[in-house]
$ cat structure-v1.txt   # compact mmCIF, N, CA and C atoms
# COMPACT_ATOMS: atom_id res chain seq x y z
N MET W 1 -37.83 63.38 -145.14
CA MET W 1 -37.18 62.16 -144.69
C MET W 1 -36.21 61.63 -145.73
N GLY W 2 -36.58 61.80 -147.01
CA GLY W 2 -35.72 61.33 -148.09
C GLY W 2 -34.38 62.05 -148.12
N ALA W 3 -34.43 63.36 -147.75
CA ALA W 3 -33.18 64.13 -147.74
C ALA W 3 -32.22 63.60 -146.68
N LEU W 4 -32.75 63.15 -145.56
CA LEU W 4 -31.89 62.61 -144.51
C LEU W 4 -31.21 61.31 -144.97
N VAL W 5 -31.94 60.53 -145.74
CA VAL W 5 -31.35 59.29 -146.26
C VAL W 5 -30.20 59.62 -147.20
N TRP W 6 -30.39 60.66 -148.06
CA TRP W 6 -29.32 61.04 -148.98
C TRP W 6 -28.12 61.62 -148.23
N LEU W 7 -28.34 62.22 -147.08
CA LEU W 7 -27.21 62.73 -146.31
C LEU W 7 -26.41 61.61 -145.65
N LEU W 8 -27.03 60.45 -145.48
CA LEU W 8 -26.30 59.33 -144.90
C LEU W 8 -25.23 58.78 -145.83
N ILE W 9 -25.41 58.95 -147.14
CA ILE W 9 -24.43 58.43 -148.10
C ILE W 9 -23.07 59.12 -147.94
N PRO W 10 -22.98 60.46 -148.00
CA PRO W 10 -21.66 61.07 -147.80
C PRO W 10 -21.13 60.90 -146.37
N LEU W 11 -22.05 60.81 -145.41
CA LEU W 11 -21.60 60.59 -144.03
C LEU W 11 -20.94 59.23 -143.89
N SER W 12 -21.57 58.20 -144.45
CA SER W 12 -20.97 56.88 -144.36
C SER W 12 -19.69 56.80 -145.19
N ALA W 13 -19.63 57.51 -146.31
CA ALA W 13 -18.40 57.54 -147.11
C ALA W 13 -17.28 58.22 -146.34
N GLY W 14 -17.59 59.28 -145.62
CA GLY W 14 -16.59 59.97 -144.81
C GLY W 14 -16.08 59.11 -143.67
N ILE W 15 -16.98 58.40 -143.03
CA ILE W 15 -16.57 57.50 -141.95
C ILE W 15 -15.70 56.37 -142.51
N GLY W 16 -16.12 55.82 -143.66
CA GLY W 16 -15.32 54.77 -144.29
C GLY W 16 -13.94 55.27 -144.70
N ALA W 17 -13.87 56.49 -145.23
CA ALA W 17 -12.58 57.06 -145.61
C ALA W 17 -11.70 57.29 -144.39
N GLY W 18 -12.30 57.72 -143.31
CA GLY W 18 -11.52 57.91 -142.08
C GLY W 18 -10.98 56.61 -141.53
N LEU W 19 -11.80 55.57 -141.56
CA LEU W 19 -11.33 54.27 -141.09
C LEU W 19 -10.22 53.73 -141.98
N TRP W 20 -10.40 53.86 -143.31
CA TRP W 20 -9.38 53.39 -144.23
C TRP W 20 -8.08 54.17 -144.06
N GLY W 21 -8.20 55.49 -143.88
CA GLY W 21 -7.01 56.32 -143.69
C GLY W 21 -6.24 55.96 -142.43
N SER W 22 -6.95 55.69 -141.36
CA SER W 22 -6.26 55.31 -140.12
C SER W 22 -5.63 53.93 -140.25
N TRP W 23 -6.27 53.03 -141.01
CA TRP W 23 -5.69 51.70 -141.22
C TRP W 23 -4.48 51.79 -142.12
N ALA W 24 -4.53 52.60 -143.17
CA ALA W 24 -3.42 52.71 -144.12
C ALA W 24 -2.22 53.42 -143.50
N ASN W 25 -2.45 54.26 -142.50
CA ASN W 25 -1.38 55.05 -141.90
C ASN W 25 -0.83 54.41 -140.63
N ARG W 26 -1.20 53.18 -140.36
CA ARG W 26 -0.74 52.54 -139.13
C ARG W 26 0.76 52.30 -139.19
N THR W 27 1.35 52.21 -138.05
CA THR W 27 2.79 51.95 -137.98
C THR W 27 3.04 50.47 -138.15
N ARG W 28 3.99 50.16 -138.98
CA ARG W 28 4.34 48.78 -139.23
C ARG W 28 5.70 48.49 -138.63
N LYS W 29 5.97 47.22 -138.41
CA LYS W 29 7.25 46.83 -137.85
C LYS W 29 8.35 47.13 -138.87
N ALA W 30 9.36 47.84 -138.44
CA ALA W 30 10.44 48.23 -139.34
C ALA W 30 11.30 47.02 -139.68
N ARG W 31 11.63 46.88 -140.95
CA ARG W 31 12.46 45.76 -141.39
C ARG W 31 13.94 46.05 -141.21
N GLY W 32 14.33 47.28 -141.29
CA GLY W 32 15.73 47.63 -141.27
C GLY W 32 16.28 47.63 -142.69
N ASP W 33 17.57 47.83 -142.80
CA ASP W 33 18.19 47.94 -144.12
C ASP W 33 18.83 46.65 -144.59
N GLY W 34 18.74 45.59 -143.82
CA GLY W 34 19.41 44.34 -144.18
C GLY W 34 19.05 43.80 -145.54
N PRO W 35 17.78 43.57 -145.84
CA PRO W 35 17.43 43.03 -147.17
C PRO W 35 17.81 43.95 -148.32
N GLU W 36 17.69 45.26 -148.11
CA GLU W 36 18.05 46.20 -149.17
C GLU W 36 19.55 46.16 -149.44
N LEU W 37 20.35 46.11 -148.40
CA LEU W 37 21.79 46.08 -148.59
C LEU W 37 22.25 44.77 -149.20
N ASP W 38 21.58 43.67 -148.87
CA ASP W 38 21.93 42.38 -149.48
C ASP W 38 21.64 42.41 -150.97
N GLY W 39 20.52 42.97 -151.35
CA GLY W 39 20.18 43.07 -152.77
C GLY W 39 21.15 43.96 -153.52
N TYR W 40 21.58 45.05 -152.90
CA TYR W 40 22.55 45.93 -153.54
C TYR W 40 23.89 45.24 -153.70
N ALA W 41 24.29 44.45 -152.72
CA ALA W 41 25.56 43.72 -152.83
C ALA W 41 25.49 42.70 -153.97
N ARG W 42 24.37 42.02 -154.13
CA ARG W 42 24.22 41.09 -155.25
C ARG W 42 24.25 41.82 -156.59
N PHE W 43 23.64 42.99 -156.65
CA PHE W 43 23.66 43.79 -157.87
C PHE W 43 25.08 44.20 -158.23
N ARG W 44 25.83 44.68 -157.26
CA ARG W 44 27.21 45.09 -157.53
C ARG W 44 28.07 43.92 -157.97
N ALA W 45 27.88 42.77 -157.34
CA ALA W 45 28.65 41.58 -157.73
C ALA W 45 28.32 41.18 -159.16
N ALA W 46 27.08 41.28 -159.55
CA ALA W 46 26.70 40.93 -160.92
C ALA W 46 27.26 41.92 -161.92
N MET W 47 27.32 43.19 -161.56
CA MET W 47 27.84 44.19 -162.48
C MET W 47 29.36 44.12 -162.61
N GLU W 48 30.04 43.61 -161.61
CA GLU W 48 31.51 43.54 -161.66
C GLU W 48 32.02 42.28 -162.38
N LYS W 49 31.13 41.36 -162.69
CA LYS W 49 31.55 40.17 -163.42
C LYS W 49 31.98 40.56 -164.83
N PRO W 50 33.04 39.96 -165.32
CA PRO W 50 33.44 40.29 -166.71
C PRO W 50 32.44 39.71 -167.71
N GLN W 51 32.23 40.44 -168.78
CA GLN W 51 31.30 39.99 -169.81
C GLN W 51 31.96 38.90 -170.64
N SER W 52 31.19 37.91 -171.02
CA SER W 52 31.71 36.83 -171.85
C SER W 52 31.07 36.89 -173.23
N GLY W 53 31.90 36.79 -174.27
CA GLY W 53 31.38 36.72 -175.63
C GLY W 53 31.28 38.04 -176.34
N THR W 54 31.21 39.14 -175.65
CA THR W 54 31.05 40.41 -176.35
C THR W 54 32.19 41.33 -176.08

$ encode --input "structure-v1.txt" --output "structure tokens"
Amino acid sequence: MGALVWLLIPLSAGIGAGLWGSWANRTRKARGDGPELDGYARFRAAMEKPQSGT
């Protein structure tokens, strides 16, 4: 009977890993490229500013 109890540990770990894997791999709502492109435009604008003092 004790051996069956010890077999429940890896079984429950496998079930938990499967549930976590399905949750982590779920499809999320796509944001699009808008925020990324806005950040890149701000970066380029900052890099094109002339340096002062040096």

$ atom_distance --input "structure-v1.txt" --atom1 "atom CA of Gly21 of chain W" --atom2 "atom N of Leu7 of chain W"
22.4 Å

$ atom_distance --input "structure-v1.txt" --atom1 "atom N of Ala17 of chain W" --atom2 "atom C of Val5 of chain W"
16.7 Å

$ atom_distance --input "structure-v1.txt" --atom1 "atom C of Leu8 of chain W" --atom2 "atom CA of Trp20 of chain W"
16.8 Å

$ axis_aligned_box --input "structure-v1.txt" --around "segment 20-25 of chain W" --padding-each-side "6 Å" --output "lines of an AutoDock Vina configuration file"
center_x = -5.6
center_y = 54.0
center_z = -142.2
size_x = 21.6
size_y = 16.6
size_z = 16.1

$ select_by_dssp --input "structure-v1.txt" --residues "chain W" --states "alpha helix (DSSP H)" --output "number ranges by chain"
W: 2-24, 34-48

$ write_last_selection --input "structure-v1.txt" --atoms "N, CA and C atoms" --output "mmCIF file, in the coordinates of the input"
data_model
loop_
_atom_site.group_PDB
_atom_site.id
_atom_site.type_symbol
_atom_site.label_atom_id
_atom_site.label_comp_id
_atom_site.auth_asym_id
_atom_site.auth_seq_id
_atom_site.Cartn_x
_atom_site.Cartn_y
_atom_site.Cartn_z
ATOM 1 N N GLY W 2 -36.580 61.800 -147.010
ATOM 2 C CA GLY W 2 -35.720 61.330 -148.090
ATOM 3 C C GLY W 2 -34.380 62.050 -148.120
ATOM 4 N N ALA W 3 -34.430 63.360 -147.750
ATOM 5 C CA ALA W 3 -33.180 64.130 -147.740
ATOM 6 C C ALA W 3 -32.220 63.600 -146.680
ATOM 7 N N LEU W 4 -32.750 63.150 -145.560
ATOM 8 C CA LEU W 4 -31.890 62.610 -144.510
ATOM 9 C C LEU W 4 -31.210 61.310 -144.970
ATOM 10 N N VAL W 5 -31.940 60.530 -145.740
ATOM 11 C CA VAL W 5 -31.350 59.290 -146.260
ATOM 12 C C VAL W 5 -30.200 59.620 -147.200
ATOM 13 N N TRP W 6 -30.390 60.660 -148.060
ATOM 14 C CA TRP W 6 -29.320 61.040 -148.980
ATOM 15 C C TRP W 6 -28.120 61.620 -148.230
ATOM 16 N N LEU W 7 -28.340 62.220 -147.080
ATOM 17 C CA LEU W 7 -27.210 62.730 -146.310
ATOM 18 C C LEU W 7 -26.410 61.610 -145.650
ATOM 19 N N LEU W 8 -27.030 60.450 -145.480
ATOM 20 C CA LEU W 8 -26.300 59.330 -144.900
ATOM 21 C C LEU W 8 -25.230 58.780 -145.830
ATOM 22 N N ILE W 9 -25.410 58.950 -147.140
ATOM 23 C CA ILE W 9 -24.430 58.430 -148.100
ATOM 24 C C ILE W 9 -23.070 59.120 -147.940
ATOM 25 N N PRO W 10 -22.980 60.460 -148.000
ATOM 26 C CA PRO W 10 -21.660 61.070 -147.800
ATOM 27 C C PRO W 10 -21.130 60.900 -146.370
ATOM 28 N N LEU W 11 -22.050 60.810 -145.410
ATOM 29 C CA LEU W 11 -21.600 60.590 -144.030
ATOM 30 C C LEU W 11 -20.940 59.230 -143.890
ATOM 31 N N SER W 12 -21.570 58.200 -144.450
ATOM 32 C CA SER W 12 -20.970 56.880 -144.360
ATOM 33 C C SER W 12 -19.690 56.800 -145.190
ATOM 34 N N ALA W 13 -19.630 57.510 -146.310
ATOM 35 C CA ALA W 13 -18.400 57.540 -147.110
ATOM 36 C C ALA W 13 -17.280 58.220 -146.340
ATOM 37 N N GLY W 14 -17.590 59.280 -145.620
ATOM 38 C CA GLY W 14 -16.590 59.970 -144.810
ATOM 39 C C GLY W 14 -16.080 59.110 -143.670
ATOM 40 N N ILE W 15 -16.980 58.400 -143.030
ATOM 41 C CA ILE W 15 -16.570 57.500 -141.950
ATOM 42 C C ILE W 15 -15.700 56.370 -142.510
ATOM 43 N N GLY W 16 -16.120 55.820 -143.660
ATOM 44 C CA GLY W 16 -15.320 54.770 -144.290
ATOM 45 C C GLY W 16 -13.940 55.270 -144.700
ATOM 46 N N ALA W 17 -13.870 56.490 -145.230
ATOM 47 C CA ALA W 17 -12.580 57.060 -145.610
ATOM 48 C C ALA W 17 -11.700 57.290 -144.390
ATOM 49 N N GLY W 18 -12.300 57.720 -143.310
ATOM 50 C CA GLY W 18 -11.520 57.910 -142.080
ATOM 51 C C GLY W 18 -10.980 56.610 -141.530
ATOM 52 N N LEU W 19 -11.800 55.570 -141.560
ATOM 53 C CA LEU W 19 -11.330 54.270 -141.090
ATOM 54 C C LEU W 19 -10.220 53.730 -141.980
ATOM 55 N N TRP W 20 -10.400 53.860 -143.310
ATOM 56 C CA TRP W 20 -9.380 53.390 -144.230
ATOM 57 C C TRP W 20 -8.080 54.170 -144.060
ATOM 58 N N GLY W 21 -8.200 55.490 -143.880
ATOM 59 C CA GLY W 21 -7.010 56.320 -143.690
ATOM 60 C C GLY W 21 -6.240 55.960 -142.430
ATOM 61 N N SER W 22 -6.950 55.690 -141.360
ATOM 62 C CA SER W 22 -6.260 55.310 -140.120
ATOM 63 C C SER W 22 -5.630 53.930 -140.250
ATOM 64 N N TRP W 23 -6.270 53.030 -141.010
ATOM 65 C CA TRP W 23 -5.690 51.700 -141.220
ATOM 66 C C TRP W 23 -4.480 51.790 -142.120
ATOM 67 N N ALA W 24 -4.530 52.600 -143.170
ATOM 68 C CA ALA W 24 -3.420 52.710 -144.120
ATOM 69 C C ALA W 24 -2.220 53.420 -143.500
ATOM 70 N N GLY W 34 18.740 45.590 -143.820
ATOM 71 C CA GLY W 34 19.410 44.340 -144.180
ATOM 72 C C GLY W 34 19.050 43.800 -145.540
ATOM 73 N N PRO W 35 17.780 43.570 -145.840
ATOM 74 C CA PRO W 35 17.430 43.030 -147.170
ATOM 75 C C PRO W 35 17.810 43.950 -148.320
ATOM 76 N N GLU W 36 17.690 45.260 -148.110
ATOM 77 C CA GLU W 36 18.050 46.200 -149.170
ATOM 78 C C GLU W 36 19.550 46.160 -149.440
ATOM 79 N N LEU W 37 20.350 46.110 -148.400
ATOM 80 C CA LEU W 37 21.790 46.080 -148.590
ATOM 81 C C LEU W 37 22.250 44.770 -149.200
ATOM 82 N N ASP W 38 21.580 43.670 -148.870
ATOM 83 C CA ASP W 38 21.930 42.380 -149.480
ATOM 84 C C ASP W 38 21.640 42.410 -150.970
ATOM 85 N N GLY W 39 20.520 42.970 -151.350
ATOM 86 C CA GLY W 39 20.180 43.070 -152.770
ATOM 87 C C GLY W 39 21.150 43.960 -153.520
ATOM 88 N N TYR W 40 21.580 45.050 -152.900
ATOM 89 C CA TYR W 40 22.550 45.930 -153.540
ATOM 90 C C TYR W 40 23.890 45.240 -153.700
ATOM 91 N N ALA W 41 24.290 44.450 -152.720
ATOM 92 C CA ALA W 41 25.560 43.720 -152.830
ATOM 93 C C ALA W 41 25.490 42.700 -153.970
ATOM 94 N N ARG W 42 24.370 42.020 -154.130
ATOM 95 C CA ARG W 42 24.220 41.090 -155.250
ATOM 96 C C ARG W 42 24.250 41.820 -156.590
ATOM 97 N N PHE W 43 23.640 42.990 -156.650
ATOM 98 C CA PHE W 43 23.660 43.790 -157.870
ATOM 99 C C PHE W 43 25.080 44.200 -158.230
ATOM 100 N N ARG W 44 25.830 44.680 -157.260
ATOM 101 C CA ARG W 44 27.210 45.090 -157.530
ATOM 102 C C ARG W 44 28.070 43.920 -157.970
ATOM 103 N N ALA W 45 27.880 42.770 -157.340
ATOM 104 C CA ALA W 45 28.650 41.580 -157.730
ATOM 105 C C ALA W 45 28.320 41.180 -159.160
ATOM 106 N N ALA W 46 27.080 41.280 -159.550
ATOM 107 C CA ALA W 46 26.700 40.930 -160.920
ATOM 108 C C ALA W 46 27.260 41.920 -161.920
ATOM 109 N N MET W 47 27.320 43.190 -161.560
ATOM 110 C CA MET W 47 27.840 44.190 -162.480
ATOM 111 C C MET W 47 29.360 44.120 -162.610
ATOM 112 N N GLU W 48 30.040 43.610 -161.610
ATOM 113 C CA GLU W 48 31.510 43.540 -161.660
ATOM 114 C C GLU W 48 32.020 42.280 -162.380
#

$ decode --input "structure-v1.txt" --residues "segment 8-21 of chain W" --atoms "all heavy atoms" --output "PDB file, in the first residue's frame"
ATOM      1  N   LEU W   8       1.718   8.067  -6.218  1.00  0.00           N
ATOM      2  CA  LEU W   8       0.839   9.219  -6.383  1.00  0.00           C
ATOM      3  C   LEU W   8       1.613  10.535  -6.493  1.00  0.00           C
ATOM      4  O   LEU W   8       1.135  11.486  -7.105  1.00  0.00           O
ATOM      5  CB  LEU W   8      -0.147   9.299  -5.219  1.00  0.00           C
ATOM      6  CG  LEU W   8      -1.253   8.255  -5.214  1.00  0.00           C
ATOM      7  CD1 LEU W   8      -2.104   8.403  -3.955  1.00  0.00           C
ATOM      8  CD2 LEU W   8      -2.110   8.391  -6.454  1.00  0.00           C
ATOM      9  N   ILE W   9       2.808  10.585  -5.920  1.00  0.00           N
ATOM     10  CA  ILE W   9       3.598  11.821  -5.963  1.00  0.00           C
ATOM     11  C   ILE W   9       3.994  12.183  -7.398  1.00  0.00           C
ATOM     12  O   ILE W   9       3.698  13.292  -7.859  1.00  0.00           O
ATOM     13  CB  ILE W   9       4.819  11.713  -5.026  1.00  0.00           C
ATOM     14  CG1 ILE W   9       4.351  11.613  -3.581  1.00  0.00           C
ATOM     15  CG2 ILE W   9       5.749  12.903  -5.210  1.00  0.00           C
ATOM     16  CD1 ILE W   9       5.453  11.287  -2.605  1.00  0.00           C
ATOM     17  N   PRO W  10       4.645  11.291  -8.161  1.00  0.00           N
ATOM     18  CA  PRO W  10       4.970  11.669  -9.544  1.00  0.00           C
ATOM     19  C   PRO W  10       3.720  11.816 -10.428  1.00  0.00           C
ATOM     20  O   PRO W  10       3.705  12.623 -11.360  1.00  0.00           O
ATOM     21  CB  PRO W  10       5.870  10.551 -10.045  1.00  0.00           C
ATOM     22  CG  PRO W  10       5.768   9.461  -9.072  1.00  0.00           C
ATOM     23  CD  PRO W  10       5.247  10.019  -7.797  1.00  0.00           C
ATOM     24  N   LEU W  11       2.679  11.060 -10.100  1.00  0.00           N
ATOM     25  CA  LEU W  11       1.448  11.196 -10.878  1.00  0.00           C
ATOM     26  C   LEU W  11       0.838  12.572 -10.688  1.00  0.00           C
ATOM     27  O   LEU W  11       0.462  13.235 -11.664  1.00  0.00           O
ATOM     28  CB  LEU W  11       0.452  10.108 -10.462  1.00  0.00           C
ATOM     29  CG  LEU W  11      -0.903  10.140 -11.180  1.00  0.00           C
ATOM     30  CD1 LEU W  11      -0.715   9.847 -12.659  1.00  0.00           C
ATOM     31  CD2 LEU W  11      -1.866   9.174 -10.537  1.00  0.00           C
ATOM     32  N   SER W  12       0.775  13.032  -9.444  1.00  0.00           N
ATOM     33  CA  SER W  12       0.218  14.359  -9.203  1.00  0.00           C
ATOM     34  C   SER W  12       1.138  15.444  -9.761  1.00  0.00           C
ATOM     35  O   SER W  12       0.673  16.476 -10.243  1.00  0.00           O
ATOM     36  CB  SER W  12      -0.029  14.567  -7.708  1.00  0.00           C
ATOM     37  OG  SER W  12       1.177  14.480  -6.994  1.00  0.00           O
ATOM     38  N   ALA W  13       2.453  15.228  -9.723  1.00  0.00           N
ATOM     39  CA  ALA W  13       3.387  16.194 -10.318  1.00  0.00           C
ATOM     40  C   ALA W  13       3.192  16.260 -11.827  1.00  0.00           C
ATOM     41  O   ALA W  13       3.238  17.339 -12.423  1.00  0.00           O
ATOM     42  CB  ALA W  13       4.821  15.816  -9.979  1.00  0.00           C
ATOM     43  N   GLY W  14       2.971  15.128 -12.464  1.00  0.00           N
ATOM     44  CA  GLY W  14       2.728  15.104 -13.909  1.00  0.00           C
ATOM     45  C   GLY W  14       1.436  15.803 -14.287  1.00  0.00           C
ATOM     46  O   GLY W  14       1.376  16.537 -15.272  1.00  0.00           O
ATOM     47  N   ILE W  15       0.407  15.579 -13.504  1.00  0.00           N
ATOM     48  CA  ILE W  15      -0.869  16.251 -13.764  1.00  0.00           C
ATOM     49  C   ILE W  15      -0.721  17.756 -13.562  1.00  0.00           C
ATOM     50  O   ILE W  15      -1.198  18.562 -14.374  1.00  0.00           O
ATOM     51  CB  ILE W  15      -1.981  15.671 -12.875  1.00  0.00           C
ATOM     52  CG1 ILE W  15      -2.292  14.235 -13.308  1.00  0.00           C
ATOM     53  CG2 ILE W  15      -3.228  16.529 -12.921  1.00  0.00           C
ATOM     54  CD1 ILE W  15      -3.222  13.496 -12.377  1.00  0.00           C
ATOM     55  N   GLY W  16      -0.020  18.142 -12.487  1.00  0.00           N
ATOM     56  CA  GLY W  16       0.219  19.564 -12.246  1.00  0.00           C
ATOM     57  C   GLY W  16       1.036  20.200 -13.362  1.00  0.00           C
ATOM     58  O   GLY W  16       0.759  21.322 -13.781  1.00  0.00           O
ATOM     59  N   ALA W  17       2.047  19.491 -13.852  1.00  0.00           N
ATOM     60  CA  ALA W  17       2.862  20.012 -14.951  1.00  0.00           C
ATOM     61  C   ALA W  17       2.043  20.143 -16.223  1.00  0.00           C
ATOM     62  O   ALA W  17       2.196  21.104 -16.982  1.00  0.00           O
ATOM     63  CB  ALA W  17       4.064  19.102 -15.181  1.00  0.00           C
ATOM     64  N   GLY W  18       1.168  19.197 -16.467  1.00  0.00           N
ATOM     65  CA  GLY W  18       0.300  19.287 -17.645  1.00  0.00           C
ATOM     66  C   GLY W  18      -0.656  20.457 -17.566  1.00  0.00           C
ATOM     67  O   GLY W  18      -0.876  21.164 -18.560  1.00  0.00           O
ATOM     68  N   LEU W  19      -1.227  20.674 -16.395  1.00  0.00           N
ATOM     69  CA  LEU W  19      -2.130  21.816 -16.228  1.00  0.00           C
ATOM     70  C   LEU W  19      -1.387  23.135 -16.383  1.00  0.00           C
ATOM     71  O   LEU W  19      -1.865  24.065 -17.035  1.00  0.00           O
ATOM     72  CB  LEU W  19      -2.811  21.750 -14.861  1.00  0.00           C
ATOM     73  CG  LEU W  19      -3.841  20.647 -14.688  1.00  0.00           C
ATOM     74  CD1 LEU W  19      -4.298  20.580 -13.236  1.00  0.00           C
ATOM     75  CD2 LEU W  19      -5.007  20.871 -15.622  1.00  0.00           C
ATOM     76  N   TRP W  20      -0.192  23.221 -15.776  1.00  0.00           N
ATOM     77  CA  TRP W  20       0.597  24.439 -15.893  1.00  0.00           C
ATOM     78  C   TRP W  20       1.013  24.685 -17.342  1.00  0.00           C
ATOM     79  O   TRP W  20       0.968  25.799 -17.826  1.00  0.00           O
ATOM     80  CB  TRP W  20       1.842  24.373 -15.005  1.00  0.00           C
ATOM     81  CG  TRP W  20       2.671  25.602 -15.144  1.00  0.00           C
ATOM     82  CD1 TRP W  20       2.489  26.785 -14.514  1.00  0.00           C
ATOM     83  CD2 TRP W  20       3.798  25.774 -15.999  1.00  0.00           C
ATOM     84  NE1 TRP W  20       3.447  27.680 -14.926  1.00  0.00           N
ATOM     85  CE2 TRP W  20       4.262  27.076 -15.836  1.00  0.00           C
ATOM     86  CE3 TRP W  20       4.457  24.918 -16.896  1.00  0.00           C
ATOM     87  CZ2 TRP W  20       5.362  27.571 -16.526  1.00  0.00           C
ATOM     88  CZ3 TRP W  20       5.552  25.422 -17.577  1.00  0.00           C
ATOM     89  CH2 TRP W  20       5.990  26.725 -17.390  1.00  0.00           C
ATOM     90  N   GLY W  21       1.407  23.623 -18.040  1.00  0.00           N
ATOM     91  CA  GLY W  21       1.808  23.762 -19.441  1.00  0.00           C
ATOM     92  C   GLY W  21       0.671  24.236 -20.326  1.00  0.00           C
ATOM     93  O   GLY W  21       0.864  25.078 -21.204  1.00  0.00           O
TER      94      GLY W  21
END
